[in-house]
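Participant: Structure: coords.pdb, PDB, C-alpha atoms and all ligand atoms.
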```
ATOM      1  CA  MET A   1     -50.061 -42.528   7.563  1.00  0.00           C
ATOM      2  CA  ASP A   2     -49.521 -41.702   3.925  1.00  0.00           C
ATOM      3  CA  PHE A   3     -46.543 -39.868   2.560  1.00  0.00           C
ATOM      4  CA  PHE A   4     -48.116 -36.405   2.432  1.00  0.00           C
ATOM      5  CA  GLU A   5     -49.536 -36.660   5.895  1.00  0.00           C
ATOM      6  CA  GLN A   6     -46.112 -37.646   7.232  1.00  0.00           C
ATOM      7  CA  LEU A   7     -44.501 -34.784   5.336  1.00  0.00           C
ATOM      8  CA  LYS A   8     -46.991 -32.307   6.788  1.00  0.00           C
ATOM      9  CA  LYS A   9     -46.307 -33.626  10.263  1.00  0.00           C
ATOM     10  CA  ASN A  10     -42.557 -33.268   9.739  1.00  0.00           C
ATOM     11  CA  VAL A  11     -42.913 -29.690   8.528  1.00  0.00           C
ATOM     12  CA  VAL A  12     -45.013 -28.757  11.582  1.00  0.00           C
ATOM     13  CA  GLN A  13     -42.488 -30.393  13.897  1.00  0.00           C
ATOM     14  CA  ALA A  14     -39.608 -28.583  12.214  1.00  0.00           C
ATOM     15  CA  GLY A  15     -41.433 -25.287  12.646  1.00  0.00           C
ATOM     16  CA  GLN A  16     -41.935 -25.992  16.315  1.00  0.00           C
ATOM     17  CA  THR A  17     -38.259 -26.768  16.731  1.00  0.00           C
ATOM     18  CA  VAL A  18     -37.346 -23.382  15.186  1.00  0.00           C
ATOM     19  CA  ALA A  19     -39.848 -21.629  17.461  1.00  0.00           C
ATOM     20  CA  ASP A  20     -38.516 -23.510  20.482  1.00  0.00           C
ATOM     21  CA  LYS A  21     -34.977 -22.532  19.582  1.00  0.00           C
ATOM     22  CA  ALA A  22     -35.961 -18.869  19.223  1.00  0.00           C
ATOM     23  CA  LYS A  23     -37.748 -18.957  22.562  1.00  0.00           C
ATOM     24  CA  LYS A  24     -34.747 -20.605  24.171  1.00  0.00           C
ATOM     25  CA  THR A  25     -32.453 -17.901  22.789  1.00  0.00           C
ATOM     26  CA  THR A  26     -34.754 -15.202  24.130  1.00  0.00           C
ATOM     27  CA  ASP A  27     -34.913 -16.906  27.522  1.00  0.00           C
ATOM     28  CA  ILE A  28     -31.125 -17.164  27.648  1.00  0.00           C
ATOM     29  CA  LEU A  29     -30.737 -13.483  26.847  1.00  0.00           C
ATOM     30  CA  LYS A  30     -33.353 -12.549  29.440  1.00  0.00           C
ATOM     31  CA  LEU A  31     -31.646 -14.633  32.106  1.00  0.00           C
ATOM     32  CA  LYS A  32     -28.236 -13.250  31.219  1.00  0.00           C
ATOM     33  CA  GLU A  33     -29.536  -9.703  31.589  1.00  0.00           C
ATOM     34  CA  GLN A  34     -31.144 -10.547  34.939  1.00  0.00           C
ATOM     35  CA  ILE A  35     -27.883 -12.097  36.126  1.00  0.00           C
ATOM     36  CA  ARG A  36     -26.033  -8.962  35.055  1.00  0.00           C
ATOM     37  CA  GLN A  37     -28.501  -6.813  36.980  1.00  0.00           C
ATOM     38  CA  ASP A  38     -28.187  -8.961  40.091  1.00  0.00           C
ATOM     39  CA  LYS A  39     -24.399  -8.771  39.932  1.00  0.00           C
ATOM     40  CA  ARG A  40     -24.592  -5.015  39.514  1.00  0.00           C
ATOM     41  CA  GLU A  41     -26.868  -4.809  42.528  1.00  0.00           C
ATOM     42  CA  ILE A  42     -24.558  -6.972  44.623  1.00  0.00           C
ATOM     43  CA  ARG A  43     -21.649  -4.755  43.613  1.00  0.00           C
ATOM     44  CA  ASP A  44     -23.630  -1.673  44.524  1.00  0.00           C
ATOM     45  CA  ILE A  45     -24.670  -3.031  47.915  1.00  0.00           C
ATOM     46  CA  THR A  46     -21.119  -4.212  48.617  1.00  0.00           C
ATOM     47  CA  TYR A  47     -19.856  -0.742  47.783  1.00  0.00           C
ATOM     48  CA  ARG A  48     -22.409   0.824  50.119  1.00  0.00           C
ATOM     49  CA  ILE A  49     -21.424  -1.542  52.913  1.00  0.00           C
ATOM     50  CA  GLY A  50     -17.798  -0.559  52.368  1.00  0.00           C
ATOM     51  CA  LYS A  51     -18.622   3.133  52.351  1.00  0.00           C
ATOM     52  CA  THR A  52     -20.687   2.829  55.511  1.00  0.00           C
ATOM     53  CA  TYR A  53     -17.895   0.896  57.199  1.00  0.00           C
ATOM     54  CA  ILE A  54     -15.369   3.563  56.262  1.00  0.00           C
ATOM     55  CA  LYS A  55     -17.642   6.243  57.640  1.00  0.00           C
ATOM     56  CA  LEU A  56     -18.198   4.459  60.945  1.00  0.00           C
ATOM     57  CA  HIS A  57     -14.852   2.776  61.521  1.00  0.00           C
ATOM     58  CA  GLN A  58     -12.098   4.720  59.784  1.00  0.00           C
ATOM     59  CA  ASN A  59     -10.450   5.238  63.157  1.00  0.00           C
ATOM     60  CA  ASP A  60     -11.201   1.902  64.793  1.00  0.00           C
ATOM     61  CA  TYR A  61     -11.205  -0.712  62.030  1.00  0.00           C
ATOM     62  CA  GLU A  62     -10.265  -4.363  62.548  1.00  0.00           C
ATOM     63  CA  GLU A  63      -6.791  -5.289  61.333  1.00  0.00           C
ATOM     64  CA  GLU A  64      -8.241  -7.221  58.375  1.00  0.00           C
ATOM     65  CA  TYR A  65      -9.116  -3.837  56.908  1.00  0.00           C
ATOM     66  CA  GLU A  66      -5.658  -2.372  57.380  1.00  0.00           C
ATOM     67  CA  LYS A  67      -4.527  -2.958  53.780  1.00  0.00           C
ATOM     68  CA  TYR A  68      -7.716  -1.463  52.371  1.00  0.00           C
ATOM     69  CA  PHE A  69      -7.461   1.679  54.464  1.00  0.00           C
ATOM     70  CA  GLN A  70      -3.779   1.964  53.573  1.00  0.00           C
ATOM     71  CA  SER A  71      -4.528   1.576  49.864  1.00  0.00           C
ATOM     72  CA  LEU A  72      -7.317   4.094  50.108  1.00  0.00           C
ATOM     73  CA  LYS A  73      -5.025   6.581  51.783  1.00  0.00           C
ATOM     74  CA  THR A  74      -2.290   6.046  49.190  1.00  0.00           C
ATOM     75  CA  VAL A  75      -4.651   6.420  46.244  1.00  0.00           C
ATOM     76  CA  LYS A  76      -6.316   9.486  47.756  1.00  0.00           C
ATOM     77  CA  GLU A  77      -2.926  11.138  48.211  1.00  0.00           C
ATOM     78  CA  ALA A  78      -1.908  10.278  44.652  1.00  0.00           C
ATOM     79  CA  LEU A  79      -5.213  11.639  43.397  1.00  0.00           C
ATOM     80  CA  ALA A  80      -4.784  14.904  45.275  1.00  0.00           C
ATOM     81  CA  GLU A  81      -1.297  15.255  43.793  1.00  0.00           C
ATOM     82  CA  LYS A  82      -2.555  14.665  40.246  1.00  0.00           C
ATOM     83  CA  GLU A  83      -5.376  17.134  40.710  1.00  0.00           C
ATOM     84  CA  GLN A  84      -2.862  19.711  41.892  1.00  0.00           C
ATOM     85  CA  ASP A  85      -0.641  19.007  38.876  1.00  0.00           C
ATOM     86  CA  LEU A  86      -3.612  19.404  36.579  1.00  0.00           C
ATOM     87  CA  GLN A  87      -4.605  22.633  38.287  1.00  0.00           C
ATOM     88  CA  LYS A  88      -1.071  23.960  37.737  1.00  0.00           C
ATOM     89  CA  MET A  89      -1.244  23.051  34.050  1.00  0.00           C
ATOM     90  CA  TYR A  90      -4.505  24.905  33.680  1.00  0.00           C
ATOM     91  CA  ASP A  91      -3.091  27.895  35.501  1.00  0.00           C
ATOM     92  CA  LYS A  92      -0.082  28.113  33.213  1.00  0.00           C
ATOM     93  CA  VAL A  93      -1.890  29.030  30.047  1.00  0.00           C
ATOM     94  CA  ARG A  94       0.021  31.216  27.653  1.00  0.00           C
ATOM     95  CA  CYS A  95      -1.308  33.466  24.925  1.00  0.00           C
ATOM     96  CA  THR A  96      -0.837  31.833  21.542  1.00  0.00           C
ATOM     97  CA  GLU A  97      -0.095  35.228  20.007  1.00  0.00           C
ATOM     98  CA  CYS A  98       2.249  37.081  22.345  1.00  0.00           C
ATOM     99  CA  GLY A  99       3.165  34.346  24.839  1.00  0.00           C
ATOM    100  CA  ALA A 100       1.980  36.319  27.843  1.00  0.00           C
ATOM    101  CA  GLU A 101       0.909  34.268  30.819  1.00  0.00           C
ATOM    102  CA  MET A 102      -2.830  34.070  31.180  1.00  0.00           C
ATOM    103  CA  SER A 103      -5.115  32.844  33.891  1.00  0.00           C
ATOM    104  CA  SER A 104      -7.284  29.875  32.974  1.00  0.00           C
ATOM    105  CA  SER A 105     -10.289  32.037  33.735  1.00  0.00           C
ATOM    106  CA  ASP A 106      -9.287  34.672  31.148  1.00  0.00           C
ATOM    107  CA  ASP A 107     -11.228  34.574  27.905  1.00  0.00           C
ATOM    108  CA  TYR A 108      -8.827  37.046  26.289  1.00  0.00           C
ATOM    109  CA  CYS A 109      -5.140  37.732  26.659  1.00  0.00           C
ATOM    110  CA  PRO A 110      -4.721  40.654  29.095  1.00  0.00           C
ATOM    111  CA  LYS A 111      -1.761  41.935  27.052  1.00  0.00           C
ATOM    112  CA  CYS A 112      -2.820  41.704  23.405  1.00  0.00           C
ATOM    113  CA  GLY A 113      -6.487  40.772  23.604  1.00  0.00           C
ATOM    114  CA  THR A 114      -6.275  37.543  21.609  1.00  0.00           C
ATOM    115  CA  ALA A 115      -9.044  35.084  22.430  1.00  0.00           C
ATOM    116  CA  ALA A 116      -7.933  32.264  24.690  1.00  0.00           C
ATOM    117  CA  ALA A 117      -6.995  29.072  22.881  1.00  0.00           C
ATOM    118  CA  PHE A 118      -8.816  26.773  25.201  1.00  0.00           C
ATOM    119  CA  ASP A 119     -12.476  26.445  24.509  1.00  0.00           C
ATOM    120  CA  ALA A 120     -15.549  26.385  26.688  1.00  0.00           C
ATOM    121  CA  GLU A 121     -15.668  22.603  26.576  1.00  0.00           C
ATOM    122  CA  LEU A 122     -12.255  22.366  28.208  1.00  0.00           C
ATOM    123  CA  LYS A 123     -13.347  24.702  30.977  1.00  0.00           C
ATOM    124  CA  GLU A 124     -16.424  22.619  31.562  1.00  0.00           C
ATOM    125  CA  GLU A 125     -14.268  19.513  31.828  1.00  0.00           C
ATOM    126  CA  LYS A 126     -12.169  21.246  34.414  1.00  0.00           C
ATOM    127  CA  ILE A 127     -15.190  21.999  36.558  1.00  0.00           C
ATOM    128  CA  ILE A 128     -16.273  18.370  36.409  1.00  0.00           C
ATOM    129  CA  ASP A 129     -12.736  17.104  37.089  1.00  0.00           C
ATOM    130  CA  PHE A 130     -12.270  19.177  40.179  1.00  0.00           C
ATOM    131  CA  LYS A 131     -15.596  18.768  41.831  1.00  0.00           C
ATOM    132  CA  ASP A 132     -15.027  16.925  45.073  1.00  0.00           C
ATOM    133  CA  ASP A 133     -16.598  13.556  44.690  1.00  0.00           C
ATOM    134  CA  ASP A 134     -16.038  10.914  47.321  1.00  0.00           C
ATOM    135  CA  ASP A 135     -18.111   8.533  45.260  1.00  0.00           C
ATOM    136  CA  HIS A 136     -15.071   7.944  43.081  1.00  0.00           C
ATOM    137  CA  PHE A 137     -14.200   5.409  45.706  1.00  0.00           C
ATOM    138  CA  GLY A 138     -16.675   3.222  43.840  1.00  0.00           C
ATOM    139  CA  ASP A 139     -14.046   2.638  41.180  1.00  0.00           C
ATOM    140  CA  SER A 140     -11.702   0.989  43.651  1.00  0.00           C
ATOM    141  CA  ASP A 141     -10.821  -2.666  43.961  1.00  0.00           C
ATOM    142  CA  ILE A 142     -13.260  -3.232  46.764  1.00  0.00           C
ATOM    143  CA  ALA A 143     -16.198  -2.267  44.603  1.00  0.00           C
ATOM    144  CA  ARG A 144     -14.935  -4.146  41.588  1.00  0.00           C
ATOM    145  CA  GLU A 145     -14.712  -7.487  43.343  1.00  0.00           C
ATOM    146  CA  GLU A 146     -17.457  -9.854  42.321  1.00  0.00           C
TER     147      GLU A 146
HETATM  148 ZN    ZN A 201      -1.425  37.977  23.997  1.00  0.00          ZN
END
```
Please render this file's structure as structure tokens.
Facilitator:
Amino acid sequence: MDFFEQLKKNVVQAGQTVADKAKKTTDILKLKEQIRQDKREIRDITYRIGKTYIKLHQNDYEEEYEKYFQSLKTVKEALAEKEQDLQKMYDKVRCTECGAEMSSSDDYCPKCGTAAAFDAELKEEKIIDFKDDDDHFGDSDIAREE
């Protein structure tokens, strides 16, 4: 093999190595994404199993579940308390002009007519915050375990 032929061969081989590397990188990324999806699915199924168990056995669970049911109860109580606190804060809105107490549902001060300081976005947030959503249980430790 003469010099130029060898050089050509080397260049082709080098190109293949680059292509192989690129393909490998793509394959790694693909696999990583699939692994992530599988983990997500396992987490989701685990969460559903937990939710179903709670539904069926909240009054007759095995003692291994005691700590989970206790934690759930504690967190639910704390959550209810915080939601109440938040509700109170919303209810105690005062007019920025005259200081009169306003209801969170008032758009204008009932005393002086000044537009309420809180905007529509804040009200929307409130609606979302207070909607009863048992699915929040999904954020608990049980669901997070991998
Ligand atoms: Zn006012």
Participant: Return as a VMD selection string every polymer residue, whether protein, DNA or RNA, with at least one atom no more than 10 Å from an atom of ligand ZN 201 (chain A); count all atoms listed in the file.
Facilitator: chain A and resid 94 to 102 108 to 116
Participant: Separation of CA of Glu77 (chain A) and CA of Ser103 (chain A), in Å?
Facilitator: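 Going from CA of Glu77 (chain A) over to CA of Ser103 (chain A) covers 26.1 Å.
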Participant: How big is the axis-aligned box around the listed atoms of region 47-57 of chain A once 4 Å is added on each side, and where is its centre? Give both in Å to one decimal, as lines of an AutoDock Vina configuration file.
Facilitator:
```
center_x = -18.6
center_y = 2.4
center_z = 54.7
size_x = 15.6
size_y = 15.8
size_z = 21.7
```
Participant: In Å, how far is it from CA of Ala78 (chain A) to CA of Arg48 (chain A)?
Facilitator: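 Interatomic distance here is 23.2 Å.
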Participant: Work out how far CA of Tyr65 (chain A) is from CA of Lys39 (chain A), in Å to one decimal.
Facilitator: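 Between CA of Lys39 (chain A) and CA of Tyr65 (chain A) the gap is 23.4 Å.
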Participant: Any chance you could resolve the PyMOL selection byres (((chain A and resi 69) around 12) and not hetatm) against this file and give the residues as a VMD selection string?
Facilitator: chain A and resid 50 to 51 53 to 55 57 to 68 70 to 76 137 140 to 142
Participant: Generate the output file for the selected residues, C-alpha atoms, as an mmCIF file, in the frame of the given file.
Facilitator:
```cif
data_model
loop_
_atom_site.group_PDB
_atom_site.id
_atom_site.type_symbol
_atom_site.label_atom_id
_atom_site.label_comp_id
_atom_site.auth_asym_id
_atom_site.auth_seq_id
_atom_site.Cartn_x
_atom_site.Cartn_y
_atom_site.Cartn_z
ATOM 1 C CA GLY A 50 -17.798 -0.559 52.368
ATOM 2 C CA LYS A 51 -18.622 3.133 52.351
ATOM 3 C CA TYR A 53 -17.895 0.896 57.199
ATOM 4 C CA ILE A 54 -15.369 3.563 56.262
ATOM 5 C CA LYS A 55 -17.642 6.243 57.640
ATOM 6 C CA HIS A 57 -14.852 2.776 61.521
ATOM 7 C CA GLN A 58 -12.098 4.720 59.784
ATOM 8 C CA ASN A 59 -10.450 5.238 63.157
ATOM 9 C CA ASP A 60 -11.201 1.902 64.793
ATOM 10 C CA TYR A 61 -11.205 -0.712 62.030
ATOM 11 C CA GLU A 62 -10.265 -4.363 62.548
ATOM 12 C CA GLU A 63 -6.791 -5.289 61.333
ATOM 13 C CA GLU A 64 -8.241 -7.221 58.375
ATOM 14 C CA TYR A 65 -9.116 -3.837 56.908
ATOM 15 C CA GLU A 66 -5.658 -2.372 57.380
ATOM 16 C CA LYS A 67 -4.527 -2.958 53.780
ATOM 17 C CA TYR A 68 -7.716 -1.463 52.371
ATOM 18 C CA GLN A 70 -3.779 1.964 53.573
ATOM 19 C CA SER A 71 -4.528 1.576 49.864
ATOM 20 C CA LEU A 72 -7.317 4.094 50.108
ATOM 21 C CA LYS A 73 -5.025 6.581 51.783
ATOM 22 C CA THR A 74 -2.290 6.046 49.190
ATOM 23 C CA VAL A 75 -4.651 6.420 46.244
ATOM 24 C CA LYS A 76 -6.316 9.486 47.756
ATOM 25 C CA PHE A 137 -14.200 5.409 45.706
ATOM 26 C CA SER A 140 -11.702 0.989 43.651
ATOM 27 C CA ASP A 141 -10.821 -2.666 43.961
ATOM 28 C CA ILE A 142 -13.260 -3.232 46.764
#
```
Participant: Please extract region 3-31 of chain A and write it out with N, CA and C atoms, as an mmCIF file, in the first residue's frame.
Facilitator:
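part.cif, freshly written:
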```
data_model
loop_
_atom_site.group_PDB
_atom_site.id
_atom_site.type_symbol
_atom_site.label_atom_id
_atom_site.label_comp_id
_atom_site.auth_asym_id
_atom_site.auth_seq_id
_atom_site.Cartn_x
_atom_site.Cartn_y
_atom_site.Cartn_z
ATOM 1 N N PHE A 3 1.786 5.364 0.169
ATOM 2 C CA PHE A 3 1.531 6.380 1.191
ATOM 3 C C PHE A 3 0.129 7.008 1.100
ATOM 4 N N PHE A 4 -0.239 7.385 -0.148
ATOM 5 C CA PHE A 4 -1.529 8.072 -0.309
ATOM 6 C C PHE A 4 -2.724 7.159 -0.035
ATOM 7 N N GLU A 5 -2.512 5.901 -0.458
ATOM 8 C CA GLU A 5 -3.602 4.947 -0.211
ATOM 9 C C GLU A 5 -3.803 4.746 1.299
ATOM 10 N N GLN A 6 -2.661 4.655 2.009
ATOM 11 C CA GLN A 6 -2.731 4.480 3.464
ATOM 12 C C GLN A 6 -3.372 5.700 4.126
ATOM 13 N N LEU A 7 -3.002 6.869 3.617
ATOM 14 C CA LEU A 7 -3.555 8.114 4.165
ATOM 15 C C LEU A 7 -5.072 8.149 3.987
ATOM 16 N N LYS A 8 -5.512 7.779 2.775
ATOM 17 C CA LYS A 8 -6.937 7.765 2.465
ATOM 18 C C LYS A 8 -7.678 6.828 3.427
ATOM 19 N N LYS A 9 -7.051 5.665 3.621
ATOM 20 C CA LYS A 9 -7.660 4.662 4.497
ATOM 21 C C LYS A 9 -7.792 5.207 5.933
ATOM 22 N N ASN A 10 -6.717 5.888 6.364
ATOM 23 C CA ASN A 10 -6.740 6.467 7.715
ATOM 24 C C ASN A 10 -7.832 7.514 7.873
ATOM 25 N N VAL A 11 -7.979 8.346 6.845
ATOM 26 C CA VAL A 11 -8.992 9.407 6.890
ATOM 27 C C VAL A 11 -10.385 8.787 6.985
ATOM 28 N N VAL A 12 -10.642 7.758 6.173
ATOM 29 C CA VAL A 12 -11.946 7.082 6.199
ATOM 30 C C VAL A 12 -12.205 6.476 7.574
ATOM 31 N N GLN A 13 -11.166 5.833 8.126
ATOM 32 C CA GLN A 13 -11.323 5.221 9.448
ATOM 33 C C GLN A 13 -11.618 6.263 10.527
ATOM 34 N N ALA A 14 -10.910 7.399 10.423
ATOM 35 C CA ALA A 14 -11.121 8.470 11.399
ATOM 36 C C ALA A 14 -12.553 8.984 11.306
ATOM 37 N N GLY A 15 -13.040 9.117 10.096
ATOM 38 C CA GLY A 15 -14.423 9.573 9.893
ATOM 39 C C GLY A 15 -15.412 8.602 10.503
ATOM 40 N N GLN A 16 -15.131 7.330 10.350
ATOM 41 C CA GLN A 16 -16.030 6.320 10.917
ATOM 42 C C GLN A 16 -16.038 6.389 12.440
ATOM 43 N N THR A 17 -14.837 6.636 12.992
ATOM 44 C CA THR A 17 -14.752 6.730 14.450
ATOM 45 C C THR A 17 -15.608 7.888 14.959
ATOM 46 N N VAL A 18 -15.547 9.041 14.259
ATOM 47 C CA VAL A 18 -16.357 10.204 14.652
ATOM 48 C C VAL A 18 -17.840 9.860 14.567
ATOM 49 N N ALA A 19 -18.219 9.200 13.453
ATOM 50 C CA ALA A 19 -19.625 8.813 13.276
ATOM 51 C C ALA A 19 -20.058 7.841 14.354
ATOM 52 N N ASP A 20 -19.175 6.875 14.659
ATOM 53 C CA ASP A 20 -19.491 5.906 15.719
ATOM 54 C C ASP A 20 -19.696 6.603 17.059
ATOM 55 N N LYS A 21 -18.804 7.566 17.315
ATOM 56 C CA LYS A 21 -18.905 8.295 18.591
ATOM 57 C C LYS A 21 -20.227 9.050 18.681
ATOM 58 N N ALA A 22 -20.603 9.701 17.565
ATOM 59 C CA ALA A 22 -21.852 10.465 17.535
ATOM 60 C C ALA A 22 -23.045 9.543 17.754
ATOM 61 N N LYS A 23 -22.986 8.381 17.107
ATOM 62 C CA LYS A 23 -24.078 7.412 17.247
ATOM 63 C C LYS A 23 -24.161 6.916 18.689
ATOM 64 N N LYS A 24 -22.978 6.684 19.256
ATOM 65 C CA LYS A 24 -22.936 6.210 20.648
ATOM 66 C C LYS A 24 -23.569 7.248 21.586
ATOM 67 N N THR A 25 -23.199 8.530 21.354
ATOM 68 C CA THR A 25 -23.756 9.596 22.181
ATOM 69 C C THR A 25 -25.271 9.626 22.068
ATOM 70 N N THR A 26 -25.758 9.517 20.827
ATOM 71 C CA THR A 26 -27.205 9.522 20.608
ATOM 72 C C THR A 26 -27.862 8.339 21.311
ATOM 73 N N ASP A 27 -27.233 7.173 21.192
ATOM 74 C CA ASP A 27 -27.781 5.973 21.837
ATOM 75 C C ASP A 27 -27.826 6.131 23.350
ATOM 76 N N ILE A 28 -26.767 6.730 23.899
ATOM 77 C CA ILE A 28 -26.725 6.945 25.355
ATOM 78 C C ILE A 28 -27.870 7.849 25.786
ATOM 79 N N LEU A 29 -28.041 8.952 25.027
ATOM 80 C CA LEU A 29 -29.107 9.890 25.375
ATOM 81 C C LEU A 29 -30.481 9.229 25.275
ATOM 82 N N LYS A 30 -30.653 8.427 24.218
ATOM 83 C CA LYS A 30 -31.930 7.733 24.026
ATOM 84 C C LYS A 30 -32.208 6.802 25.199
ATOM 85 N N LEU A 31 -31.186 6.024 25.557
ATOM 86 C CA LEU A 31 -31.345 5.081 26.669
ATOM 87 C C LEU A 31 -31.638 5.798 27.984
#
```
